[in-house]
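**Student:** I am sharing input_11.csv, which consists of CSV, C-alpha atoms and all ligand atoms:
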chain,number,residue,atom,x,y,z
A,1,MET,CA,22.5,51.7,56.5
A,2,LYS,CA,22.7,48.0,55.9
A,3,PRO,CA,19.7,46.7,54.1
A,4,ASP,CA,17.7,43.8,55.8
A,5,LEU,CA,18.4,41.0,53.4
A,6,GLN,CA,16.3,38.6,55.4
A,7,LEU,CA,13.3,40.9,55.0
A,8,ILE,CA,13.8,41.1,51.2
A,9,VAL,CA,13.9,37.3,51.0
A,10,SER,CA,10.7,36.8,53.0
A,11,GLN,CA,9.0,39.6,51.0
A,12,ALA,CA,10.0,37.7,47.8
A,13,GLU,CA,8.7,34.4,49.2
A,14,ALA,CA,5.4,36.0,50.1
A,15,GLU,CA,5.0,37.6,46.6
A,16,PHE,CA,5.9,34.4,44.9
A,17,GLU,CA,3.5,32.4,47.0
A,18,SER,CA,0.6,34.7,46.3
A,19,ALA,CA,1.1,34.4,42.5
A,20,LYS,CA,-1.8,32.5,40.9
A,21,SER,CA,-0.4,32.1,37.5
A,22,LEU,CA,3.0,32.0,35.7
A,23,HIS,CA,2.3,35.5,34.5
A,24,ASP,CA,1.9,36.8,38.1
A,25,LEU,CA,5.0,34.9,39.0
A,26,ASP,CA,7.0,36.5,36.2
A,27,ASN,CA,5.9,40.0,37.4
A,28,ALA,CA,6.9,39.2,41.0
A,29,LYS,CA,10.2,37.8,39.7
A,30,SER,CA,11.1,41.0,38.0
A,31,LEU,CA,10.4,43.0,41.2
A,32,PHE,CA,13.2,41.1,42.9
A,33,LEU,CA,15.5,39.6,40.3
A,34,GLY,CA,14.9,41.8,37.3
A,35,LYS,CA,17.2,44.4,35.8
A,36,ASN,CA,15.7,47.2,37.9
A,37,GLY,CA,14.7,44.9,40.7
A,38,LYS,CA,15.6,45.1,44.4
A,39,LEU,CA,18.7,42.9,44.2
A,40,ALA,CA,20.1,44.7,41.2
A,41,SER,CA,20.2,48.0,43.0
A,42,LEU,CA,22.0,46.3,46.0
A,43,PHE,CA,24.6,44.8,43.7
A,44,GLN,CA,25.1,48.3,42.3
A,45,ARG,CA,25.9,49.4,45.8
A,46,LEU,CA,28.7,46.9,46.2
A,47,LYS,CA,30.9,48.9,43.9
A,48,SER,CA,31.1,51.8,46.4
A,49,LEU,CA,32.2,49.6,49.4
A,50,GLU,CA,35.6,48.9,50.7
A,51,SER,CA,37.1,45.6,49.8
A,52,ALA,CA,36.7,43.8,53.3
A,53,GLU,CA,33.1,45.0,53.5
A,54,LYS,CA,32.5,44.3,49.9
A,55,LYS,CA,33.5,40.6,50.5
A,56,ILE,CA,31.1,40.1,53.4
A,57,PHE,CA,28.2,42.0,51.9
A,58,GLY,CA,28.8,40.4,48.5
A,59,HIS,CA,28.6,37.0,50.1
A,60,GLU,CA,25.4,37.8,51.9
A,61,LEU,CA,23.9,39.2,48.8
A,62,ASN,CA,24.6,36.1,46.9
A,63,LEU,CA,23.1,33.9,49.6
A,64,ALA,CA,19.9,36.1,49.5
A,65,LYS,CA,19.8,35.8,45.7
A,66,GLN,CA,20.1,32.1,45.9
A,67,SER,CA,17.2,31.9,48.4
A,68,ILE,CA,15.0,34.0,46.2
A,69,GLU,CA,15.8,31.9,43.2
A,70,ASN,CA,15.0,28.7,45.2
A,71,ALA,CA,11.7,30.2,46.3
A,72,LEU,CA,10.9,31.1,42.7
A,73,PHE,CA,11.7,27.6,41.4
A,74,LYS,CA,9.5,26.1,44.1
A,75,CYS,CA,6.5,28.3,43.3
A,76,ARG,CA,6.9,27.8,39.6
A,77,LYS,CA,6.8,24.1,40.0
A,78,GLN,CA,3.7,24.4,42.2
A,79,ILE,CA,1.9,26.5,39.7
A,80,LEU,CA,2.7,24.0,36.9
A,81,ASP,CA,1.7,21.0,38.9
A,82,ASN,CA,-1.5,22.7,39.8
A,83,ASN,CA,-2.3,23.5,36.2
A,84,ILE,CA,-1.8,19.9,35.2
A,85,ARG,CA,-4.0,18.7,38.1
A,86,LYS,CA,-6.8,21.1,37.1
A,87,LYS,CA,-6.6,20.0,33.5
A,88,LEU,CA,-6.8,16.3,34.5
A,89,GLU,CA,-9.7,17.0,36.8
A,90,SER,CA,-11.6,18.8,34.1
A,91,GLN,CA,-11.1,16.1,31.5
A,92,SER,CA,-12.6,12.7,32.3
A,93,ILE,CA,-11.1,9.7,30.6
A,94,ASP,CA,-13.3,6.7,30.0
A,95,ILE,CA,-10.8,3.9,30.6
A,96,SER,CA,-13.4,1.3,29.5
A,97,LEU,CA,-13.3,2.5,25.9
A,98,PRO,CA,-11.3,0.2,23.6
A,99,GLY,CA,-8.0,1.6,22.3
A,100,ARG,CA,-7.8,3.1,18.9
A,101,GLY,CA,-4.8,1.0,17.8
A,102,ALA,CA,-2.9,1.5,14.6
A,103,ASN,CA,-4.7,0.3,11.5
A,104,LYS,CA,-2.6,-2.1,9.4
A,105,GLY,CA,-3.0,-1.8,5.6
A,106,SER,CA,-3.7,-4.8,3.5
A,107,ILE,CA,-3.4,-5.9,-0.1
A,108,HIS,CA,-6.5,-5.2,-2.2
A,109,PRO,CA,-8.4,-8.5,-2.9
A,110,LEU,CA,-8.1,-8.0,-6.7
A,111,THR,CA,-4.3,-7.6,-6.3
A,112,GLN,CA,-4.2,-10.7,-4.1
A,113,SER,CA,-6.1,-12.7,-6.8
A,114,LEU,CA,-3.9,-11.4,-9.5
A,115,ARG,CA,-0.7,-12.3,-7.7
A,116,ARG,CA,-2.0,-15.8,-7.1
A,117,ILE,CA,-3.0,-16.1,-10.8
A,118,GLN,CA,0.4,-15.0,-11.9
A,119,GLU,CA,2.1,-17.4,-9.5
A,120,ILE,CA,0.1,-20.3,-10.9
A,121,PHE,CA,0.8,-19.5,-14.5
A,122,TYR,CA,4.4,-18.7,-13.7
A,123,GLY,CA,4.6,-22.3,-12.3
A,124,MET,CA,3.4,-23.6,-15.7
A,125,GLY,CA,6.2,-21.7,-17.5
A,126,PHE,CA,4.2,-18.6,-18.6
A,127,GLU,CA,5.7,-15.2,-18.7
A,128,ILE,CA,3.9,-11.9,-18.1
A,129,ALA,CA,3.4,-9.3,-20.8
A,130,GLU,CA,1.8,-5.9,-20.7
A,131,GLY,CA,0.3,-3.6,-23.3
A,132,PRO,CA,-1.1,-0.1,-23.5
A,133,GLU,CA,-4.6,0.8,-22.2
A,134,ILE,CA,-5.2,3.2,-25.1
A,135,GLU,CA,-5.1,1.0,-28.1
A,136,THR,CA,-5.5,1.4,-31.8
A,137,ASP,CA,-8.4,0.1,-33.7
A,138,TRP,CA,-6.2,-2.3,-35.5
A,139,PHE,CA,-4.7,-4.1,-32.5
A,140,ASN,CA,-7.9,-4.1,-30.5
A,141,PHE,CA,-10.2,-5.4,-33.3
A,142,THR,CA,-8.9,-5.7,-36.9
A,143,ALA,CA,-5.7,-7.8,-36.1
A,144,LEU,CA,-7.9,-10.1,-34.1
A,145,ASN,CA,-10.0,-10.9,-37.1
A,146,ASN,CA,-12.7,-8.5,-36.2
A,147,PRO,CA,-12.9,-6.1,-39.2
A,148,LYS,CA,-14.7,-2.8,-39.4
A,149,ASP,CA,-18.4,-3.1,-39.5
A,150,HIS,CA,-18.3,-6.7,-38.3
A,151,PRO,CA,-21.3,-7.3,-36.0
A,152,ALA,CA,-19.0,-8.9,-33.3
A,153,ARG,CA,-17.6,-5.4,-32.7
A,154,SER,CA,-20.8,-4.3,-31.1
A,155,MET,CA,-20.3,-7.0,-28.4
A,156,GLN,CA,-17.6,-4.7,-27.1
A,157,ASP,CA,-18.9,-1.2,-27.1
A,158,THR,CA,-16.2,1.1,-25.8
A,159,PHE,CA,-14.9,4.6,-25.2
A,160,TYR,CA,-13.2,6.2,-28.2
A,161,VAL,CA,-10.4,8.8,-27.9
A,162,GLU,CA,-11.0,12.0,-29.9
A,163,HIS,CA,-7.5,12.1,-31.4
A,164,LYS,CA,-6.0,9.7,-33.8
A,165,ASP,CA,-2.5,8.3,-33.6
A,166,GLU,CA,0.3,9.4,-35.9
A,167,PHE,CA,-0.8,7.0,-38.7
A,168,GLY,CA,-4.4,8.3,-38.6
A,169,GLN,CA,-5.6,5.2,-36.7
A,170,ASN,CA,-8.6,5.5,-34.4
A,171,LEU,CA,-7.7,5.2,-30.8
A,172,LEU,CA,-9.9,3.7,-28.0
A,173,LEU,CA,-9.7,2.4,-24.5
A,174,ARG,CA,-9.0,-1.3,-25.1
A,175,THR,CA,-12.0,-3.5,-24.6
A,176,HIS,CA,-10.0,-6.6,-23.8
A,177,THR,CA,-6.5,-7.7,-23.1
A,178,SER,CA,-6.4,-9.8,-26.4
A,179,PRO,CA,-4.5,-7.1,-28.3
A,180,VAL,CA,-1.5,-7.9,-26.1
A,181,GLN,CA,-1.4,-11.3,-27.9
A,182,VAL,CA,-0.8,-9.5,-31.2
A,183,ARG,CA,1.8,-7.0,-29.8
A,184,TYR,CA,3.8,-9.7,-28.0
A,185,SER,CA,3.7,-12.2,-30.9
A,186,ILE,CA,4.9,-9.6,-33.4
A,187,GLU,CA,7.9,-8.9,-31.3
A,188,HIS,CA,8.8,-12.5,-30.1
A,189,LYS,CA,9.5,-15.8,-31.8
A,190,PRO,CA,7.5,-18.9,-30.9
A,191,PRO,CA,7.3,-20.9,-28.7
A,192,ILE,CA,5.4,-18.2,-26.8
A,193,ARG,CA,3.8,-18.7,-23.5
A,194,VAL,CA,2.4,-15.5,-21.9
A,195,ILE,CA,-0.3,-14.2,-19.7
A,196,SER,CA,-1.1,-10.5,-19.9
A,197,PRO,CA,-3.1,-8.9,-17.1
A,198,GLY,CA,-4.4,-5.4,-17.2
A,199,LYS,CA,-7.2,-2.8,-17.1
A,200,THR,CA,-9.9,-3.0,-19.8
A,201,TYR,CA,-12.9,-0.7,-20.5
A,202,ARG,CA,-16.5,-1.1,-21.8
A,203,VAL,CA,-19.7,1.0,-21.7
A,204,ASP,CA,-21.3,-1.2,-19.0
A,205,SER,CA,-22.2,-0.5,-15.4
A,206,ASP,CA,-24.3,-2.6,-13.0
A,207,SER,CA,-23.7,-5.0,-10.0
A,208,THR,CA,-21.6,-7.4,-12.1
A,209,HIS,CA,-20.1,-4.9,-14.6
A,210,SER,CA,-18.0,-1.8,-14.3
A,211,PRO,CA,-16.8,0.6,-17.0
A,212,MET,CA,-13.2,-0.3,-16.0
A,213,PHE,CA,-12.4,-3.9,-15.1
A,214,HIS,CA,-9.4,-6.3,-15.3
A,215,GLN,CA,-8.7,-9.1,-17.6
A,216,ILE,CA,-6.0,-11.7,-17.9
A,217,GLU,CA,-5.2,-13.0,-21.3
A,218,GLY,CA,-3.3,-16.2,-22.0
A,219,LEU,CA,-1.5,-17.3,-25.1
A,220,TRP,CA,0.5,-20.4,-26.0
A,221,LEU,CA,2.0,-20.6,-29.5
A,222,ASP,CA,3.9,-23.7,-30.6
A,223,PRO,CA,3.9,-26.0,-33.7
A,224,ASN,CA,2.5,-28.8,-31.6
A,225,ILE,CA,-0.1,-27.2,-29.4
A,226,ASN,CA,-3.7,-28.4,-29.5
A,227,PHE,CA,-7.1,-28.1,-27.7
A,228,SER,CA,-6.2,-30.8,-25.1
A,229,ASN,CA,-3.3,-28.6,-24.0
A,230,LEU,CA,-5.7,-25.7,-23.5
A,231,LYS,CA,-8.0,-28.0,-21.4
A,232,GLY,CA,-5.1,-29.3,-19.3
A,233,VAL,CA,-3.6,-25.9,-18.6
A,234,TYR,CA,-6.9,-24.2,-17.8
A,235,VAL,CA,-8.4,-26.9,-15.7
A,236,ASN,CA,-5.2,-27.1,-13.7
A,237,PHE,CA,-5.3,-23.4,-13.2
A,238,LEU,CA,-8.9,-23.4,-11.9
A,239,LYS,CA,-8.2,-26.2,-9.4
A,240,GLU,CA,-5.2,-24.3,-8.0
A,241,PHE,CA,-6.9,-21.0,-8.0
A,242,PHE,CA,-10.1,-22.2,-6.2
A,243,GLU,CA,-8.0,-24.6,-4.1
A,244,SER,CA,-10.4,-27.4,-4.8
A,245,SER,CA,-10.2,-30.6,-6.8
A,246,LYS,CA,-14.0,-30.8,-6.5
A,247,LEU,CA,-14.9,-28.8,-9.5
A,248,THR,CA,-16.2,-29.8,-12.8
A,249,VAL,CA,-15.2,-27.8,-15.9
A,250,ARG,CA,-17.1,-27.6,-19.1
A,251,PHE,CA,-15.9,-26.2,-22.5
A,252,ARG,CA,-19.1,-25.0,-24.2
A,253,PRO,CA,-18.9,-24.2,-28.0
A,254,SER,CA,-19.1,-20.4,-28.6
A,255,TYR,CA,-17.9,-17.8,-31.0
A,256,PHE,CA,-15.1,-15.3,-30.9
A,257,PRO,CA,-13.7,-13.8,-34.1
A,258,PHE,CA,-10.1,-14.5,-33.1
A,259,THR,CA,-10.4,-18.2,-32.3
A,260,GLU,CA,-11.6,-21.3,-34.2
A,261,PRO,CA,-12.9,-23.4,-32.6
A,262,SER,CA,-14.0,-21.2,-29.7
A,263,ALA,CA,-15.3,-22.1,-26.3
A,264,GLU,CA,-16.7,-20.6,-23.2
A,265,ILE,CA,-15.4,-22.2,-20.1
A,266,ASP,CA,-17.9,-22.9,-17.3
A,267,LEU,CA,-17.3,-24.1,-13.8
A,268,LYS,CA,-19.4,-26.1,-11.3
A,269,PHE,CA,-18.5,-26.4,-7.7
A,270,SER,CA,-19.6,-29.5,-5.8
A,271,GLU,CA,-19.2,-27.9,-2.4
A,272,GLY,CA,-19.6,-24.5,-0.8
A,273,PRO,CA,-22.1,-21.7,-1.4
A,274,MET,CA,-22.0,-21.9,-5.2
A,275,GLU,CA,-22.6,-25.7,-5.2
A,276,GLY,CA,-24.3,-27.1,-8.3
A,277,LYS,CA,-24.5,-24.0,-10.4
A,278,TRP,CA,-22.7,-23.6,-13.8
A,279,LEU,CA,-20.7,-20.3,-13.9
A,280,GLU,CA,-19.0,-18.9,-16.9
A,281,VAL,CA,-15.3,-18.0,-16.1
A,282,ALA,CA,-13.5,-17.5,-19.4
A,283,GLY,CA,-13.5,-17.4,-23.2
A,284,ALA,CA,-11.0,-19.5,-25.0
A,285,GLY,CA,-10.1,-21.3,-28.2
A,286,MET,CA,-7.5,-22.2,-30.8
A,287,VAL,CA,-6.0,-19.0,-32.3
A,288,HIS,CA,-7.6,-18.3,-35.7
A,289,PRO,CA,-5.2,-18.7,-38.7
A,290,ASN,CA,-6.0,-15.1,-39.8
A,291,VAL,CA,-4.8,-13.9,-36.4
A,292,ILE,CA,-1.6,-16.0,-36.7
A,293,LYS,CA,-1.0,-14.4,-40.0
A,294,ASN,CA,-1.4,-11.0,-38.4
A,295,PHE,CA,1.3,-12.0,-35.9
A,296,GLY,CA,3.6,-12.3,-38.9
A,297,LEU,CA,3.7,-16.1,-38.6
A,298,ASN,CA,3.0,-19.0,-40.9
A,299,SER,CA,-0.4,-20.3,-39.9
A,300,LYS,CA,0.3,-23.7,-41.5
A,301,LYS,CA,3.2,-24.2,-39.1
A,302,ILE,CA,2.3,-22.5,-35.9
A,303,ARG,CA,-0.7,-23.1,-33.8
A,304,GLY,CA,-1.8,-21.9,-30.5
A,305,PHE,CA,-4.5,-21.6,-27.9
A,306,ALA,CA,-5.7,-18.4,-26.2
A,307,PHE,CA,-8.0,-17.6,-23.3
A,308,GLY,CA,-9.3,-14.5,-21.6
A,309,MET,CA,-10.8,-14.1,-18.2
A,310,GLY,CA,-12.1,-11.4,-15.9
A,311,LEU,CA,-10.2,-10.8,-12.6
A,312,GLU,CA,-13.2,-9.3,-10.8
A,313,ARG,CA,-15.4,-12.2,-11.8
A,314,LEU,CA,-12.9,-14.9,-10.6
A,315,THR,CA,-12.4,-13.0,-7.3
A,316,MET,CA,-16.1,-12.7,-6.7
A,317,LEU,CA,-16.6,-16.4,-7.2
A,318,LYS,CA,-13.7,-17.3,-5.0
A,319,TYR,CA,-14.8,-15.2,-2.1
A,320,GLY,CA,-18.6,-15.1,-2.7
A,321,VAL,CA,-18.7,-11.4,-3.3
A,322,LYS,CA,-22.1,-10.4,-4.8
A,323,ASP,CA,-21.5,-6.9,-6.1
A,324,LEU,CA,-18.5,-6.0,-8.2
A,325,ARG,CA,-18.7,-2.4,-7.3
A,326,LEU,CA,-17.5,-3.2,-3.7
A,327,PHE,CA,-14.0,-3.7,-5.1
A,328,PHE,CA,-13.8,-0.1,-6.2
A,329,ASP,CA,-15.7,1.7,-3.4
A,330,ASN,CA,-12.7,1.0,-1.1
A,331,ASP,CA,-14.7,0.8,2.0
A,332,LEU,CA,-12.4,-0.4,4.7
A,333,ARG,CA,-15.1,-2.6,6.3
A,334,PHE,CA,-15.1,-4.6,3.1
A,335,LEU,CA,-11.3,-4.5,2.3
A,336,GLY,CA,-10.5,-5.4,5.9
A,337,GLN,CA,-12.1,-8.8,5.4
A,338,PHE,CA,-9.3,-9.8,3.0
A,339,ARG,CA,-6.4,-9.1,5.3
A,340,CYS,CA,-3.8,-11.8,5.0
B,1,LIG,N1,-11.3,-11.1,-25.4
B,1,LIG,C1,-12.5,-11.9,-25.0
B,1,LIG,C2,-13.5,-10.9,-24.3
B,1,LIG,O1,-13.1,-10.0,-23.8
B,1,LIG,C3,-12.2,-13.0,-24.2
B,1,LIG,C4,-11.4,-14.1,-24.9
B,1,LIG,C5,-12.1,-15.1,-25.5
B,1,LIG,C6,-10.1,-14.0,-25.0
B,1,LIG,C7,-11.5,-16.0,-26.2
B,1,LIG,C8,-9.4,-15.0,-25.7
B,1,LIG,C9,-10.1,-16.0,-26.3
B,1,LIG,O2,-8.1,-15.0,-25.8
B,1,LIG,O3,-9.5,-17.0,-27.0
B,1,LIG,O4,-14.7,-11.2,-24.3
Please re-express this file's structure in C-alpha cells.
**Tutor:**
Amino acid sequence: MKPDLQLIVSQAEAEFESAKSLHDLDNAKSLFLGKNGKLASLFQRLKSLESAEKKIFGHELNLAKQSIENALFKCRKQILDNNIRKKLESQSIDISLPGRGANKGSIHPLTQSLRRIQEIFYGMGFEIAEGPEIETDWFNFTALNNPKDHPARSMQDTFYVEHKDEFGQNLLLRTHTSPVQVRYSIEHKPPIRVISPGKTYRVDSDSTHSPMFHQIEGLWLDPNINFSNLKGVYVNFLKEFFESSKLTVRFRPSYFPFTEPSAEIDLKFSEGPMEGKWLEVAGAGMVHPNVIKNFGLNSKKIRGFAFGMGLERLTMLKYGVKDLRLFFDNDLRFLGQFRC
C-alpha cells in the first residue's frame, strides 16, 4: 500500500506548530526526520521497489522531506523570535539614563608636574640622574657633611633596613634625593648640571606629610658658579612652573649641613587663591667645601649650587590641593580633575 505522504507532512506541521519550546520541537523533529523516524522507514522501503517505481516514489519522498524541513525551519524561527520578544518585554530599559561610556585614563597629577619640571630644567641644560631608594648611611648623611651623632640627622628621621651592605654599612630608605649629588659627582667630571627626581622616605604622616614622598634635587658644579646663578635658575624655574611672572621669590638664610651659605626659598603669589602668603618651596645653597671633597674634587677650584624641593608640595601649590594624601588615595573623582 502506498503511504499517504501528504498526511505525514500535515501531521509533522501540526506537531511542529504545537511545540512550545526548542526542546519540544527537537522531540517532534526526531519523530519525523530522526534515524528511527517516519521518513527513515519509508526511505528504507525504497530499496525493495522496482526502478521505475523507485524513481517516482523517491521523488515524492524527497519532496515530502523538503516540506517537513521547511515547516521545521519556520517553527524554529517562530520559537526563537518569541523567546526574544518575551525577554525584551520582561526587561524594561530606561532610555533616559545617561550612557556608561568608556572611561579614559589620565596622567597622575604628580607625574604631570614632574614631567613639566623636567622639561623646564632640560630647557636650561640640565640632565636627569637617578639613584637608589635604599641608600647607605654614608651617601645619605656622612658624605653630605652630616656625620654620625650630628644633631641635624634628627631632622630626617627615617626607616632603617635590618641588613647591612657588603661593607658593613647601615642601610636606610633615603630621606632625601641629595645623595644622588654625591653618586653622580663621583662618576662624572664637572661641569655638572643635573636634576634628580625620585621617591624619598621619612617617619612623618599628616595632611601635608606622607612617609613616602618625592623630591627633586638640583646640582650645578662649575669653577665659576655663584649664588646669583642659583637665584637666576631657580626664579626662572618657578615662573615657568607656576606660569606666572607675578610672583616674588625670597631667599631666607637657613641651615643645611651640605651647603654654605644655605637658604630656604619662599614664594609669594600676587594673584590667585594663595595671594599674599609666603610659602616655602625649596632648600638650597652653595655646596659645602667638605661635600665637594667627598665628590673627589678640589674644593678650591670647583664650586656649585644645589637645591632640593618636594614634588607633592609644588603640585599642591600649583593646583590648590589642601591634603597631600589625596595624591595617593587614587580616588578617580580627584584624579579625573587633572585630565589633560
Ligand atoms: N635635602 C634637603 C631636605 O630634604 C633639601 C635640600 C636643601 C637640598 C638644600 C639641597 C640643598 O640640595 O642645597 O630637606
**Student:** Pick from A:Ser185, A:Thr136, A:Asn146, A:Gln44: nearest to His163 of chain A, with only C-alpha atoms counted?
**Tutor:**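 Selected residue with least distance to His163 of chain A: A:Thr136.
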**Student:** With 7 Å as the cut-off and all atoms listed in the file counted, what is the closest atom pair between each nearby residue of chain A and ligand LIG 1 (chain B)? Distances in Å to one decimal, ordered by chain and number, as CSV.
**Tutor:**
residue,atom,partner,partner_atom,distance
A:Thr175,CA,B:LIG1,O1,6.6
A:His176,CA,B:LIG1,O1,4.6
A:Thr177,CA,B:LIG1,N1,6.3
A:Ser178,CA,B:LIG1,N1,5.2
A:Glu217,CA,B:LIG1,O2,5.7
A:Gly218,CA,B:LIG1,O2,6.2
A:Phe256,CA,B:LIG1,C7,6.0
A:Phe258,CA,B:LIG1,O3,6.6
A:Thr259,CA,B:LIG1,O3,5.5
A:Ser262,CA,B:LIG1,O3,6.7
A:Ala282,CA,B:LIG1,C5,6.7
A:Gly283,CA,B:LIG1,C5,3.5
A:Ala284,CA,B:LIG1,O3,3.5
A:Gly285,CA,B:LIG1,O3,4.5
A:Met286,CA,B:LIG1,O3,6.7
A:Val287,CA,B:LIG1,O3,6.7
A:Phe305,CA,B:LIG1,O3,6.9
A:Ala306,CA,B:LIG1,O3,4.1
A:Phe307,CA,B:LIG1,O2,3.6
A:Gly308,CA,B:LIG1,C6,3.5
A:Met309,CA,B:LIG1,C3,6.3
**Student:** Given the choices A:Glu162, A:Asp137, A:Leu317, A:Ile192, which gets closest to Arg174 of chain A if the distance is worked out from all atoms listed in the file?
**Tutor:**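 Result for the nearest residue to Arg174 of chain A: A:Asp137.
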**Student:** Select, from A:Leu144, A:Leu267, A:Met316, A:Val233, the residue with the minimum atom-to-atom distance to Val291 of chain A, counting only C-alpha atoms.
**Tutor:** A:Leu144
**Student:** Which one is closest to Phe327 of chain A: A:Phe241, A:Tyr122, A:Phe57, A:Phe213? Count all atoms listed in the file.
**Tutor:** A:Phe213
**Student:** So, with all atoms listed in the file as the atoms that count, which of A:Asp206, A:Thr200, A:Lys148, A:Gly296 lies closest to Glu187 of chain A?
**Tutor:**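 So, comparing all the options, the nearest one is A:Gly296.
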**Student:** Which residue out of A:Asn27, A:Asn298, A:Asn236, A:Asn290 has the minimum interatomic distance to Gly123 of chain A when all atoms listed in the file are used?
**Tutor:**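 Comparing A:Asn27, A:Asn298, A:Asn236, A:Asn290 against Gly123 of chain A, the winner is A:Asn236.
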**Student:** Could you list, with a cut-off of 12 Å and counting all atoms listed in the file, the residues of segment 189-268 of chain A near segment 272-279 of chain A, each shown with its nearest atom pair and the distance in Å rounded to one decimal, rows sorted by chain and ascending number, as JSON lines?
**Tutor:**
{"residue": "A:Phe242", "atom": "CA", "partner": "A:Gly272", "partner_atom": "CA", "distance": 11.2}
{"residue": "A:Ser244", "atom": "CA", "partner": "A:Gly272", "partner_atom": "CA", "distance": 10.4}
{"residue": "A:Lys246", "atom": "CA", "partner": "A:Glu275", "partner_atom": "CA", "distance": 10.1}
{"residue": "A:Leu247", "atom": "CA", "partner": "A:Glu275", "partner_atom": "CA", "distance": 9.3}
{"residue": "A:Thr248", "atom": "CA", "partner": "A:Trp278", "partner_atom": "CA", "distance": 9.0}
{"residue": "A:Val249", "atom": "CA", "partner": "A:Trp278", "partner_atom": "CA", "distance": 8.8}
{"residue": "A:Arg250", "atom": "CA", "partner": "A:Trp278", "partner_atom": "CA", "distance": 8.7}
{"residue": "A:Phe251", "atom": "CA", "partner": "A:Trp278", "partner_atom": "CA", "distance": 11.3}
{"residue": "A:Arg252", "atom": "CA", "partner": "A:Trp278", "partner_atom": "CA", "distance": 11.1}
{"residue": "A:Glu264", "atom": "CA", "partner": "A:Leu279", "partner_atom": "CA", "distance": 10.1}
{"residue": "A:Ile265", "atom": "CA", "partner": "A:Leu279", "partner_atom": "CA", "distance": 8.4}
{"residue": "A:Asp266", "atom": "CA", "partner": "A:Leu279", "partner_atom": "CA", "distance": 5.1}
{"residue": "A:Leu267", "atom": "CA", "partner": "A:Leu279", "partner_atom": "CA", "distance": 5.1}
{"residue": "A:Lys268", "atom": "CA", "partner": "A:Trp278", "partner_atom": "CA", "distance": 4.8}
**Student:** Suppose you want the space between atom CA of Phe167 of chain A and atom CA of Met212 of chain A; what is it in Å?
**Tutor:**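 Computing it gives 26.9 Å between the two atoms.
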**Student:** Could you tell me how far atom CA of Leu324 of chain A sits from atom CA of Ser207 of chain A, in Å to one decimal place?
**Tutor:**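 Atom-to-atom, atom CA of Ser207 of chain A to atom CA of Leu324 of chain A, that is 5.6 Å.
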**Student:** I want to know what sits within 9 Å of Ile302 of chain A, based on all atoms listed in the file, with residues of the same chain fewer than 3 positions away left out; could you give that as a list in words?
**Tutor:** Pro190, Pro191, Leu221, Asp222, Pro223, Asn224, Ile225, Pro289, Ile292, Leu297, Asn298 and Ser299 of chain A
**Student:** Between atom CA of Gly58 of chain A and atom CA of Lys29 of chain A, measure the distance and give it in Å to one decimal.
**Tutor:**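 Answer for the atom CA of Gly58 of chain A to atom CA of Lys29 of chain A separation: 20.7 Å.
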